[in-house]
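The file structure-v1.cif comes next; it holds mmCIF, C-alpha atoms (C1' of nucleotides).
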```cif
data_start
#
loop_
_atom_site.label_atom_id
_atom_site.label_comp_id
_atom_site.auth_asym_id
_atom_site.auth_seq_id
_atom_site.Cartn_x
_atom_site.Cartn_y
_atom_site.Cartn_z
CA MET A 54 0.00 0.00 0.00
CA VAL A 55 2.59 2.50 1.08
CA GLU A 56 4.84 1.09 -1.63
CA LYS A 57 2.28 2.00 -4.25
CA LEU A 58 2.11 5.50 -2.90
CA ILE A 59 5.88 5.87 -3.02
CA GLU A 60 5.86 4.76 -6.60
CA SER A 61 3.11 7.23 -7.49
CA LEU A 62 5.06 10.04 -5.89
CA ARG A 63 8.20 9.06 -7.80
CA LYS A 64 6.35 8.92 -11.11
CA LYS A 65 5.20 12.49 -10.70
CA GLY A 66 8.61 13.69 -9.62
CA LEU A 67 7.36 14.47 -6.12
CA LYS A 68 9.44 13.98 -3.03
CA ILE A 69 8.95 11.16 -0.62
CA THR A 70 8.80 12.94 2.69
CA PRO A 71 8.16 11.39 6.09
CA GLN A 72 5.14 13.69 6.49
CA ARG A 73 3.49 12.41 3.34
CA LEU A 74 4.01 8.83 4.34
CA ALA A 75 2.82 9.44 7.87
CA ILE A 76 -0.39 11.10 6.71
CA PHE A 77 -1.07 8.35 4.28
CA ARG A 78 -0.49 5.70 6.95
CA VAL A 79 -2.91 7.38 9.31
CA LEU A 80 -5.53 7.47 6.64
CA LYS A 81 -5.13 4.16 4.92
CA ASP A 82 -7.12 1.88 7.22
CA ASN A 83 -9.44 4.56 8.44
CA LYS A 84 -13.12 4.10 7.66
CA SER A 85 -14.33 7.12 9.61
CA HIS A 86 -13.85 9.74 6.89
CA PRO A 87 -11.82 12.04 9.09
CA GLY A 88 -11.29 15.73 8.50
CA ALA A 89 -7.97 17.53 8.30
CA GLU A 90 -7.93 18.42 11.98
CA GLU A 91 -8.43 14.83 13.09
CA ILE A 92 -5.72 13.61 10.77
CA TYR A 93 -3.47 16.36 12.08
CA GLN A 94 -4.00 15.27 15.68
CA ARG A 95 -3.17 11.67 14.90
CA VAL A 96 -0.10 12.41 12.84
CA ARG A 97 1.16 14.74 15.52
CA LYS A 98 1.63 11.83 17.87
CA ASP A 99 4.45 10.60 15.66
CA TYR A 100 5.50 13.93 14.15
CA PRO A 101 4.93 16.55 16.82
CA THR A 102 6.28 19.34 14.67
CA ILE A 103 4.04 18.81 11.66
CA SER A 104 1.75 21.70 10.83
CA LEU A 105 -1.89 21.76 9.87
CA ALA A 106 -1.03 23.56 6.65
CA THR A 107 1.18 20.67 5.64
CA VAL A 108 -1.66 18.29 6.34
CA TYR A 109 -3.97 20.21 4.04
CA GLN A 110 -1.38 20.46 1.31
CA THR A 111 -0.42 16.83 1.58
CA LEU A 112 -4.01 15.65 1.39
CA GLU A 113 -4.42 17.60 -1.85
CA THR A 114 -1.26 16.04 -3.16
CA LEU A 115 -2.40 12.56 -2.19
CA GLU A 116 -5.61 13.08 -4.08
CA GLN A 117 -3.82 14.31 -7.16
CA ILE A 118 -1.66 11.24 -7.38
CA GLY A 119 -4.69 9.03 -6.89
CA GLY A 120 -3.89 7.92 -3.36
CA ILE A 121 -7.08 9.05 -1.65
CA ARG A 122 -10.48 10.56 -2.36
CA ILE A 123 -11.63 13.94 -1.12
CA LEU A 124 -15.22 14.16 0.03
CA ARG A 125 -16.77 17.58 -0.08
CA PHE A 126 -20.35 17.08 0.94
CA ASP A 127 -20.14 17.70 4.63
CA ARG A 128 -21.52 21.05 5.54
CA ARG A 129 -18.82 21.66 8.08
CA LYS A 130 -15.58 20.33 6.76
CA THR A 131 -13.85 18.44 4.00
CA ARG A 132 -13.37 14.76 4.67
CA TYR A 133 -10.80 12.34 3.36
CA ASP A 134 -11.33 8.77 2.25
CA PRO A 135 -8.56 6.24 1.57
CA ASP A 136 -10.97 3.77 0.01
CA LEU A 137 -10.53 3.90 -3.75
CA SER A 138 -12.87 1.03 -4.58
CA PRO A 139 -16.14 2.03 -6.25
CA HIS A 140 -18.40 2.97 -3.42
CA HIS A 141 -20.93 5.57 -2.39
CA HIS A 142 -22.08 7.37 0.72
CA LEU A 143 -25.01 7.70 3.04
CA ILE A 144 -25.14 10.99 4.89
CA CYS A 145 -27.14 11.53 8.00
CA THR A 146 -28.50 15.01 7.64
CA ARG A 147 -28.87 15.24 11.39
CA CYS A 148 -25.52 14.12 12.80
CA GLN A 149 -23.56 14.41 9.53
CA LYS A 150 -22.19 10.89 9.90
CA ILE A 151 -21.02 9.34 6.65
CA THR A 152 -21.50 5.64 6.00
CA ASP A 153 -19.95 3.75 3.12
CA LEU A 154 -22.03 1.83 0.66
CA HIS A 155 -20.05 -0.61 -1.39
CA ASP A 156 -22.40 -1.00 -4.24
CA ASP A 157 -21.40 -0.57 -7.84
CA TYR A 158 -23.84 1.42 -9.96
CA SER A 159 -21.48 1.93 -12.85
CA GLU A 160 -23.58 -0.21 -15.18
CA THR A 161 -26.75 1.77 -14.62
CA VAL A 162 -25.59 5.27 -13.84
CA ARG A 163 -24.26 6.57 -17.10
CA LEU A 164 -24.02 9.96 -18.63
CA PRO A 165 -26.41 10.23 -21.59
CA PRO A 166 -24.61 9.95 -24.96
CA SER A 167 -25.62 13.51 -25.83
CA LEU A 168 -23.28 14.74 -23.12
CA THR A 169 -20.38 12.34 -23.32
CA ASN A 170 -18.54 14.43 -25.88
CA ARG A 171 -19.19 17.69 -24.12
CA PHE A 172 -18.08 16.53 -20.72
CA GLN A 173 -15.20 14.25 -19.88
CA ILE A 174 -16.26 12.20 -16.87
CA ASN A 175 -13.66 11.03 -14.41
CA GLY A 176 -16.01 9.45 -11.94
CA PHE A 177 -19.25 9.75 -10.09
CA ASN A 178 -20.56 9.40 -6.61
CA VAL A 179 -24.01 8.68 -5.32
CA VAL A 180 -24.93 10.42 -2.11
CA PHE A 181 -27.95 9.26 -0.17
CA TYR A 182 -29.46 11.67 2.30
CA GLY A 183 -31.42 10.53 5.27
CA ILE A 184 -31.52 9.90 8.98
CA CYS A 185 -29.36 7.21 10.53
CA GLY A 186 -30.62 4.68 13.06
CA GLU A 187 -29.12 6.43 16.06
CA CYS A 188 -30.62 9.78 15.19
CA ARG A 189 -34.02 8.25 14.62
CA LYS A 190 -33.94 6.79 18.12
CA LYS A 191 -32.88 10.10 19.61
CA ARG A 192 -35.57 11.95 17.78
CA LYS A 193 -38.27 9.58 18.98
CA SER A 194 -37.23 9.98 22.58
CA GLN A 195 -37.16 13.74 22.18
CA LYS A 196 -40.67 13.74 20.82
CA ARG A 197 -41.75 11.71 23.83
CA LYS A 198 -40.25 14.31 26.16
CA ALA A 199 -41.90 17.12 24.26
CA LYS A 200 -45.35 15.84 25.13
CA MET B 41 -44.91 29.12 -7.58
CA VAL B 42 -44.69 31.88 -5.03
CA GLU B 43 -48.19 30.95 -3.94
CA LYS B 44 -47.01 27.46 -3.05
CA LEU B 45 -44.23 28.91 -1.01
CA ILE B 46 -46.59 31.15 0.88
CA GLU B 47 -48.75 28.19 1.66
CA SER B 48 -45.78 26.17 2.87
CA LEU B 49 -44.74 29.00 5.15
CA ARG B 50 -48.27 29.29 6.55
CA LYS B 51 -48.47 25.56 7.22
CA LYS B 52 -45.38 25.69 9.36
CA GLY B 53 -46.51 28.79 11.19
CA LEU B 54 -43.73 30.87 9.67
CA LYS B 55 -44.14 34.48 8.73
CA ILE B 56 -44.50 35.66 5.19
CA THR B 57 -41.93 38.39 5.00
CA PRO B 58 -40.96 40.42 1.94
CA GLN B 59 -37.37 39.20 2.33
CA ARG B 60 -38.38 35.57 2.11
CA LEU B 61 -40.46 36.18 -0.95
CA ALA B 62 -37.78 38.27 -2.60
CA ILE B 63 -35.10 35.65 -2.08
CA PHE B 64 -37.33 32.95 -3.41
CA ARG B 65 -38.18 35.02 -6.45
CA VAL B 66 -34.54 35.63 -7.22
CA LEU B 67 -33.85 31.96 -7.01
CA LYS B 68 -36.86 30.43 -8.66
CA ASP B 69 -35.89 30.70 -12.32
CA ASN B 70 -32.21 30.61 -11.74
CA LYS B 71 -30.33 27.69 -13.24
CA SER B 72 -26.86 28.89 -12.29
CA HIS B 73 -26.76 27.41 -8.78
CA PRO B 74 -25.80 30.69 -7.15
CA GLY B 75 -24.18 31.03 -3.76
CA ALA B 76 -25.44 33.16 -0.88
CA GLU B 77 -23.36 36.16 -1.85
CA GLU B 78 -24.71 36.24 -5.40
CA ILE B 79 -28.26 35.92 -4.17
CA TYR B 80 -27.58 38.68 -1.68
CA GLN B 81 -26.35 41.01 -4.42
CA ARG B 82 -29.42 40.44 -6.52
CA VAL B 83 -31.93 40.80 -3.74
CA ARG B 84 -30.21 43.97 -2.62
CA LYS B 85 -31.29 45.70 -5.78
CA ASP B 86 -34.87 45.55 -4.57
CA TYR B 87 -34.23 45.44 -0.83
CA PRO B 88 -31.14 47.55 -0.24
CA THR B 89 -31.29 47.06 3.52
CA ILE B 90 -31.35 43.28 3.54
CA SER B 91 -28.42 41.64 5.26
CA LEU B 92 -26.34 38.67 4.23
CA ALA B 93 -27.19 36.94 7.49
CA THR B 94 -30.85 37.10 6.57
CA VAL B 95 -30.08 35.57 3.21
CA TYR B 96 -28.33 32.63 4.84
CA GLN B 97 -31.08 32.13 7.35
CA THR B 98 -33.79 32.41 4.78
CA LEU B 99 -32.16 29.91 2.46
CA GLU B 100 -32.08 27.41 5.30
CA THR B 101 -35.71 28.10 5.98
CA LEU B 102 -36.63 27.69 2.34
CA GLU B 103 -34.94 24.31 2.29
CA GLN B 104 -36.71 23.18 5.42
CA ILE B 105 -40.11 23.92 3.99
CA GLY B 106 -39.19 22.13 0.80
CA GLY B 107 -38.91 25.20 -1.39
CA ILE B 108 -35.35 24.77 -2.60
CA ARG B 109 -32.44 22.34 -2.49
CA ILE B 110 -29.09 23.08 -0.89
CA LEU B 111 -26.05 21.79 -2.73
CA ARG B 112 -22.97 21.25 -0.65
CA PHE B 113 -20.44 19.79 -2.99
CA ASP B 114 -18.64 22.87 -4.12
CA ARG B 115 -15.28 23.19 -2.53
CA ARG B 116 -15.69 26.90 -2.05
CA LYS B 117 -19.25 27.65 -1.14
CA THR B 118 -22.71 26.33 -0.62
CA ARG B 119 -24.99 26.65 -3.61
CA TYR B 120 -28.73 26.86 -3.87
CA ASP B 121 -31.00 25.19 -6.37
CA PRO B 122 -34.67 25.99 -6.90
CA ASP B 123 -35.21 22.96 -9.12
CA LEU B 124 -37.01 20.33 -7.12
CA SER B 125 -37.49 17.86 -9.93
CA PRO B 126 -35.38 14.70 -9.75
CA HIS B 127 -32.09 15.66 -11.27
CA HIS B 128 -28.38 15.29 -10.75
CA HIS B 129 -25.21 17.28 -11.26
CA LEU B 130 -22.07 17.39 -13.28
CA ILE B 131 -19.22 19.23 -11.60
CA CYS B 132 -16.25 20.54 -13.45
CA THR B 133 -13.35 19.91 -11.13
CA ARG B 134 -11.42 22.68 -12.79
CA CYS B 135 -13.79 25.65 -12.93
CA GLN B 136 -16.31 24.31 -10.39
CA LYS B 137 -19.20 24.94 -12.74
CA ILE B 138 -22.27 22.87 -11.98
CA THR B 139 -24.45 21.56 -14.79
CA ASP B 140 -27.85 19.97 -14.32
CA LEU B 141 -28.61 16.51 -15.56
CA HIS B 142 -32.30 15.76 -15.70
CA ASP B 143 -32.12 12.06 -15.69
CA ASP B 144 -34.04 9.87 -13.30
CA TYR B 145 -32.03 7.04 -11.77
CA SER B 146 -34.53 6.24 -9.08
CA GLU B 147 -35.33 2.84 -10.56
CA THR B 148 -31.75 1.66 -10.58
CA VAL B 149 -30.14 3.48 -7.69
CA ARG B 150 -31.62 1.87 -4.64
CA LEU B 151 -30.39 1.30 -1.18
CA PRO B 152 -29.83 -2.43 -0.60
CA PRO B 153 -32.62 -4.04 1.47
CA SER B 154 -30.16 -4.83 4.24
CA LEU B 155 -29.89 -1.11 4.95
CA THR B 156 -33.40 0.14 4.37
CA ASN B 157 -34.46 -0.49 7.94
CA ARG B 158 -31.31 0.98 9.43
CA PHE B 159 -31.35 4.15 7.42
CA GLN B 160 -34.33 6.24 6.43
CA ILE B 161 -33.60 7.67 3.00
CA ASN B 162 -35.04 11.01 2.04
CA GLY B 163 -33.35 11.32 -1.31
CA PHE B 164 -30.19 10.85 -3.25
CA ASN B 165 -28.07 12.75 -5.67
CA VAL B 166 -25.63 11.57 -8.27
CA VAL B 167 -22.62 13.76 -8.76
CA PHE B 168 -20.47 13.31 -11.83
CA TYR B 169 -16.94 14.67 -11.69
CA GLY B 170 -15.07 15.69 -14.77
CA ILE B 171 -13.85 18.44 -17.00
CA CYS B 172 -16.30 20.61 -18.90
CA GLY B 173 -15.92 21.48 -22.56
CA GLU B 174 -14.66 24.98 -21.95
CA CYS B 175 -11.97 23.86 -19.55
CA ARG B 176 -10.81 21.17 -21.92
CA LYS B 177 -10.30 23.74 -24.62
CA LYS B 178 -8.43 26.04 -22.28
CA ARG B 179 -6.22 23.24 -21.08
CA LYS B 180 -5.31 22.22 -24.58
CA SER B 181 -4.29 25.73 -25.52
CA GLN B 182 -2.26 26.02 -22.33
CA LYS B 183 -0.39 22.86 -23.15
CA ARG B 184 0.40 24.28 -26.55
CA LYS B 185 1.85 27.41 -24.95
CA ALA B 186 3.90 25.34 -22.55
CA LYS B 187 5.91 23.76 -25.33
"C1'" DG C 89 -49.79 43.19 21.74
"C1'" DT C 90 -47.04 39.10 20.96
"C1'" DC C 91 -43.49 36.80 19.14
"C1'" DT C 92 -40.84 35.82 15.18
"C1'" DA C 93 -37.69 37.71 11.72
"C1'" DT C 94 -34.42 41.12 10.43
"C1'" DG C 95 -30.14 43.89 10.41
"C1'" DC C 96 -25.91 44.77 12.22
"C1'" DA C 97 -21.57 43.74 14.05
"C1'" DA C 98 -18.72 40.61 15.95
"C1'" DA C 99 -17.31 35.80 16.32
"C1'" DT C 100 -16.15 31.39 14.51
"C1'" DA C 101 -14.03 27.91 11.82
"C1'" DA C 102 -12.05 25.90 7.87
"C1'" DT C 103 -8.80 26.55 4.61
"C1'" DT C 104 -5.13 29.10 2.09
"C1'" DT C 105 -1.07 31.86 1.44
"C1'" DG C 106 3.63 34.06 1.83
"C1'" DC C 107 7.90 33.28 3.06
"C1'" DA C 108 12.17 31.81 5.22
"C1'" DG C 109 14.38 27.72 6.61
"C1'" DT C 110 14.93 22.53 5.87
"C1'" DA C 111 15.45 18.40 3.74
"C1'" DA C 112 14.88 15.09 -0.27
"C1'" DT C 113 16.89 14.34 -4.62
"C1'" DA D 289 23.70 21.92 -5.25
"C1'" DT D 290 18.99 22.33 -6.50
"C1'" DT D 291 14.49 22.71 -5.90
"C1'" DA D 292 10.54 21.16 -3.74
"C1'" DC D 293 8.54 20.74 0.93
"C1'" DT D 294 7.64 22.10 5.55
"C1'" DG D 295 6.38 24.98 9.47
"C1'" DC D 296 4.81 29.13 11.14
"C1'" DA D 297 2.00 33.02 11.30
"C1'" DA D 298 -1.03 35.85 9.15
"C1'" DA D 299 -4.75 36.34 5.87
"C1'" DT D 300 -8.89 35.02 3.71
"C1'" DT D 301 -13.55 33.51 3.14
"C1'" DA D 302 -17.83 31.44 4.16
"C1'" DT D 303 -20.98 31.01 7.54
"C1'" DT D 304 -22.98 31.67 12.23
"C1'" DT D 305 -24.36 34.01 16.38
"C1'" DG D 306 -26.07 37.47 19.89
"C1'" DC D 307 -28.82 40.98 20.51
"C1'" DA D 308 -31.72 45.10 19.96
"C1'" DT D 309 -35.28 46.70 16.88
"C1'" DA D 310 -38.80 46.24 13.41
"C1'" DG D 311 -42.60 44.12 11.47
"C1'" DA D 312 -46.06 40.19 10.54
"C1'" DC D 313 -49.78 38.16 12.80
#
```
Would you encode the structure as structure tokens?
Amino acid sequence: MVEKLIESLRKKGLKITPQRLAIFRVLKDNKSHPGAEEIYQRVRKDYPTISLATVYQTLETLEQIGGIRILRFDRRKTRYDPDLSPHHHLICTRCQKITDLHDDYSETVRLPPSLTNRFQINGFNVVFYGICGECRKKRKSQKRKAK
Amino acid sequence: MVEKLIESLRKKGLKITPQRLAIFRVLKDNKSHPGAEEIYQRVRKDYPTISLATVYQTLETLEQIGGIRILRFDRRKTRYDPDLSPHHHLICTRCQKITDLHDDYSETVRLPPSLTNRFQINGFNVVFYGICGECRKKRKSQKRKAK
DNA sequence: GTCTATGCAAATAATTTGCAGTAAT
DNA sequence: ATTACTGCAAATTATTTGCATAGAC
């Protein structure tokens, strides 16, 4: 995994810095879709002098070389996803939690032919909006209190 | 159109203020997915004393009563969409332009049964990422210059 | 008259930028 | 030795909040 990343960096003539590797390692098995700040806090444990700006820059770099995905549908902050397999997301509009959905719609979700020459598609993502189980429970108990 | 909005406001016990109507009117035939600032500038022409904070608040309100959709996938800013018909979006990752795609995937894009009882879906949106025609042209000419 | 909505200013929070020093090549 | 990368601090930008006043009901 990290080897692949190193190779990708080399190919693009980018430098293999300990910070880049550390950030990638923090992210690579993480299914929680963390934001920059969370990643920063984790990486700091090993690299106490790293700065938040470097984290932001590095995450952009990692996306550009195809190492991670950047998720920009959270109202509050950008989130980062190391999972590059075709998958989609469920967003709880109450608590903002993001859940993965490993379901491949690439056979059915297609750009209509009339647009394929006007727009060069690099990928797509399906985002489901709704209320997660936890929030539904909470809401029910709140309604009970309200009475 | 505006009549429906007024009714929705009434139903929820919300007040029918000139600001709310003005913001909705600005938005209702707008296909450009404007941000709060742009909406603010337009509404200002008729209501010079309106504040940006009111615009933000009102847009939230309009979403809550089902009058508009809020689009949160632009890196830079939240965008607002008056089109409530089932449609999806193409995003140019270079210029950030958002194009509508009126194509209904509701028959094929479904949450797997294993999740339907754990997550209450209110809707979904397909986002295509790519490069728009204009940006492709620009890029080509830039490459030419670079040589 | 009551109570919500507005306008203003200040606060917040995420992200970006400029630049000098540091380290990977 | 070169040139890209990092760390720091400051800047920027979108959005939110608190509160007094105005306005819809």
Per-residue nearest contacts chain B to chain A, cut-off 8 Å, using only C-alpha atoms, as CSV:
```
residue,atom,partner,partner_atom,distance
B:Arg112,CA,A:Phe126,CA,5.2
B:Phe113,CA,A:Phe126,CA,4.8
B:Asp114,CA,A:Arg125,CA,6.9
B:Arg115,CA,A:Arg125,CA,6.3
B:Tyr145,CA,A:Val162,CA,7.0
B:Thr148,CA,A:Thr161,CA,6.4
B:Val149,CA,A:Tyr158,CA,7.0
B:Arg158,CA,A:Gly186,CA,5.2
B:Phe159,CA,A:Cys185,CA,4.8
B:Gln160,CA,A:Ile184,CA,5.3
B:Ile161,CA,A:Gly183,CA,4.3
B:Asn162,CA,A:Gly183,CA,4.9
B:Gly163,CA,A:Tyr182,CA,5.3
B:Phe164,CA,A:Phe181,CA,4.1
B:Asn165,CA,A:Val180,CA,5.3
B:Val166,CA,A:Val179,CA,4.4
B:Val167,CA,A:Asn178,CA,5.3
B:Phe168,CA,A:Phe177,CA,4.1
B:Tyr169,CA,A:Gly176,CA,5.3
B:Gly170,CA,A:Ile174,CA,4.2
B:Ile171,CA,A:Gln173,CA,5.3
B:Cys172,CA,A:Phe172,CA,4.8
B:Gly173,CA,A:Arg171,CA,5.2
```
Using all atoms listed in the file and a distance of at most 12 Å, pull out the residues of chain D that contact chain B, as a PyMOL selection string. chain D and resi 301-305+310-313
Please provide chain B as a compact mmCIF listing (two decimals) with C-alpha atoms, in the frame of the given file, once it has been superposed on chain A by least squares across all sequentially paired Cα atoms.
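Dumped to selection09.txt:
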```
# COMPACT_ATOMS: atom_id res chain seq x y z
CA MET B 41 -0.03 -0.04 0.03
CA VAL B 42 2.56 2.48 1.12
CA GLU B 43 4.82 1.09 -1.58
CA LYS B 44 2.28 2.02 -4.23
CA LEU B 45 2.12 5.50 -2.86
CA ILE B 46 5.86 5.87 -2.96
CA GLU B 47 5.86 4.77 -6.54
CA SER B 48 3.13 7.24 -7.44
CA LEU B 49 5.09 10.04 -5.83
CA ARG B 50 8.24 9.05 -7.72
CA LYS B 51 6.39 8.95 -11.04
CA LYS B 52 5.27 12.51 -10.62
CA GLY B 53 8.67 13.69 -9.50
CA LEU B 54 7.42 14.46 -6.01
CA LYS B 55 9.49 13.97 -2.92
CA ILE B 56 8.97 11.13 -0.52
CA THR B 57 8.80 12.91 2.78
CA PRO B 58 8.10 11.37 6.18
CA GLN B 59 5.09 13.68 6.55
CA ARG B 60 3.48 12.40 3.38
CA LEU B 61 3.99 8.82 4.39
CA ALA B 62 2.75 9.43 7.91
CA ILE B 63 -0.44 11.10 6.73
CA PHE B 64 -1.11 8.34 4.29
CA ARG B 65 -0.55 5.72 6.95
CA VAL B 66 -2.97 7.40 9.31
CA LEU B 67 -5.57 7.48 6.62
CA LYS B 68 -5.14 4.16 4.92
CA ASP B 69 -7.16 1.91 7.22
CA ASN B 70 -9.47 4.57 8.42
CA LYS B 71 -13.14 4.13 7.60
CA SER B 72 -14.37 7.14 9.56
CA HIS B 73 -13.87 9.75 6.83
CA PRO B 74 -11.86 12.06 9.06
CA GLY B 75 -11.34 15.74 8.45
CA ALA B 76 -8.00 17.54 8.27
CA GLU B 77 -7.99 18.44 11.94
CA GLU B 78 -8.51 14.85 13.07
CA ILE B 79 -5.78 13.63 10.77
CA TYR B 80 -3.54 16.37 12.07
CA GLN B 81 -4.10 15.28 15.67
CA ARG B 82 -3.24 11.70 14.90
CA VAL B 83 -0.16 12.41 12.86
CA ARG B 84 1.06 14.76 15.55
CA LYS B 85 1.52 11.87 17.90
CA ASP B 86 4.36 10.63 15.73
CA TYR B 87 5.42 13.94 14.20
CA PRO B 88 4.85 16.56 16.88
CA THR B 89 6.22 19.36 14.71
CA ILE B 90 3.98 18.82 11.71
CA SER B 91 1.72 21.72 10.86
CA LEU B 92 -1.92 21.76 9.88
CA ALA B 93 -1.03 23.57 6.67
CA THR B 94 1.16 20.66 5.69
CA VAL B 95 -1.69 18.27 6.35
CA TYR B 96 -3.97 20.21 4.03
CA GLN B 97 -1.37 20.45 1.33
CA THR B 98 -0.43 16.83 1.60
CA LEU B 99 -4.02 15.66 1.38
CA GLU B 100 -4.40 17.59 -1.84
CA THR B 101 -1.24 16.03 -3.13
CA LEU B 102 -2.38 12.56 -2.17
CA GLU B 103 -5.59 13.08 -4.09
CA GLN B 104 -3.77 14.31 -7.15
CA ILE B 105 -1.61 11.24 -7.34
CA GLY B 106 -4.65 9.04 -6.90
CA GLY B 107 -3.89 7.91 -3.37
CA ILE B 108 -7.07 9.05 -1.66
CA ARG B 109 -10.47 10.57 -2.40
CA ILE B 110 -11.63 13.95 -1.15
CA LEU B 111 -15.24 14.16 -0.05
CA ARG B 112 -16.79 17.58 -0.13
CA PHE B 113 -20.36 17.07 0.85
CA ASP B 114 -20.19 17.69 4.54
CA ARG B 115 -21.61 21.02 5.47
CA ARG B 116 -18.89 21.65 7.98
CA LYS B 117 -15.64 20.32 6.66
CA THR B 118 -13.87 18.46 3.94
CA ARG B 119 -13.38 14.78 4.61
CA TYR B 120 -10.82 12.34 3.33
CA ASP B 121 -11.34 8.78 2.22
CA PRO B 122 -8.58 6.26 1.55
CA ASP B 123 -10.98 3.77 -0.03
CA LEU B 124 -10.52 3.90 -3.77
CA SER B 125 -12.86 1.06 -4.62
CA PRO B 126 -16.13 2.05 -6.29
CA HIS B 127 -18.41 2.97 -3.47
CA HIS B 128 -20.93 5.57 -2.44
CA HIS B 129 -22.09 7.36 0.68
CA LEU B 130 -24.99 7.68 3.00
CA ILE B 131 -25.11 10.97 4.87
CA CYS B 132 -27.10 11.49 7.99
CA THR B 133 -28.49 14.98 7.64
CA ARG B 134 -28.81 15.22 11.38
CA CYS B 135 -25.46 14.09 12.79
CA GLN B 136 -23.51 14.38 9.52
CA LYS B 137 -22.14 10.87 9.88
CA ILE B 138 -21.00 9.33 6.62
CA THR B 139 -21.48 5.63 5.97
CA ASP B 140 -19.94 3.73 3.08
CA LEU B 141 -22.04 1.82 0.62
CA HIS B 142 -20.05 -0.62 -1.45
CA ASP B 143 -22.41 -1.01 -4.28
CA ASP B 144 -21.44 -0.59 -7.89
CA TYR B 145 -23.88 1.44 -9.97
CA SER B 146 -21.55 1.93 -12.88
CA GLU B 147 -23.68 -0.18 -15.20
CA THR B 148 -26.83 1.81 -14.62
CA VAL B 149 -25.61 5.30 -13.84
CA ARG B 150 -24.32 6.58 -17.12
CA LEU B 151 -24.05 9.96 -18.64
CA PRO B 152 -26.45 10.24 -21.60
CA PRO B 153 -24.67 9.96 -24.97
CA SER B 154 -25.66 13.52 -25.83
CA LEU B 155 -23.30 14.75 -23.13
CA THR B 156 -20.40 12.34 -23.35
CA ASN B 157 -18.58 14.42 -25.93
CA ARG B 158 -19.21 17.69 -24.14
CA PHE B 159 -18.10 16.52 -20.75
CA GLN B 160 -15.22 14.23 -19.90
CA ILE B 161 -16.28 12.17 -16.90
CA ASN B 162 -13.68 11.01 -14.45
CA GLY B 163 -16.03 9.44 -11.96
CA PHE B 164 -19.27 9.76 -10.12
CA ASN B 165 -20.56 9.40 -6.63
CA VAL B 166 -24.02 8.67 -5.35
CA VAL B 167 -24.94 10.40 -2.14
CA PHE B 168 -27.95 9.23 -0.19
CA TYR B 169 -29.46 11.66 2.29
CA GLY B 170 -31.39 10.51 5.28
CA ILE B 171 -31.48 9.87 8.97
CA CYS B 172 -29.30 7.19 10.52
CA GLY B 173 -30.55 4.67 13.04
CA GLU B 174 -29.03 6.39 16.03
CA CYS B 175 -30.54 9.74 15.18
CA ARG B 176 -33.94 8.22 14.64
CA LYS B 177 -33.85 6.75 18.11
CA LYS B 178 -32.76 10.04 19.62
CA ARG B 179 -35.45 11.93 17.80
CA LYS B 180 -38.14 9.59 18.98
CA SER B 181 -37.10 9.95 22.59
CA GLN B 182 -36.97 13.72 22.21
CA LYS B 183 -40.50 13.77 20.89
CA ARG B 184 -41.59 11.78 23.89
CA LYS B 185 -40.01 14.34 26.22
CA ALA B 186 -41.65 17.18 24.36
CA LYS B 187 -45.13 15.99 25.23
```
Closest pair table for chain C residues within 12 Å of chain A, all atoms listed in the file, as a tab-separated table:
```
residue	atom	partner	partner_atom	distance
C:DT100	C1'	A:Arg129	CA	12.0
C:DA101	C1'	A:Arg129	CA	8.7
C:DA102	C1'	A:Lys130	CA	6.7
C:DT103	C1'	A:Tyr109	CA	8.0
C:DT104	C1'	A:Ala106	CA	8.3
C:DT105	C1'	A:Ala106	CA	9.8
C:DT110	C1'	A:Thr70	CA	11.8
C:DA111	C1'	A:Thr70	CA	8.7
C:DA112	C1'	A:Lys68	CA	6.2
C:DT113	C1'	A:Lys68	CA	7.6
```
Quick check, in Å to one decimal: how far apart do CA of Glu113 in chain A and CA of Ile92 in chain A lie?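 About the pair CA of Glu113 in chain A and CA of Ile92 in chain A: they are 13.3 Å apart.
Among B:Ile110, B:Leu124, B:Leu102, B:Val83, the residue with the shortest atom-to-atom distance to Leu45 in chain B, counting only C-alpha atoms, is B:Leu102.
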Taking all atoms of range 98-111 of chain C that the file lists, what box with edges along x, y and z, padded by 3 Å per side, do you get, with centre and edge lengths in Å to one decimal, as lines of an AutoDock Vina configuration file?
```
center_x = -1.6
center_y = 29.5
center_z = 8.9
size_x = 40.2
size_y = 28.2
size_z = 20.9
```
Here is a test: counting all atoms listed in the file, which residue of A:Asp134, A:Arg192, A:Ser159, A:Ile103 is nearest to DC296 in chain D?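 Looking at the shortest contact to DC296 in chain D, the residue is A:Ile103.
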Just to confirm, what's the straight-line distance from CA of Arg84 in chain B to C1' of DA93 in chain C in Å (one decimal)?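 C1' of DA93 in chain C lies 17.3 Å from CA of Arg84 in chain B.
For the pair C1' of DA298 in chain D and CA of Thr107 in chain A, the separation is 15.7 Å.
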Give me the residues near Ser104 in chain A as an MDAnalysis selection string, where near means some atom within 8 Å (using only C-alpha atoms (C1' of nucleotides)) and where sequence neighbours in that chain fewer than 2 positions away do not count. (chainID A and resid 93 102 106:108) or (chainID D and resid 294:295)
Leaving out DC307 in chain D and any residue of its chain fewer than 3 positions from it, which residues lie within 12 Å of it when counting all atoms listed in the file, given as number ranges by chain? C: 94-98
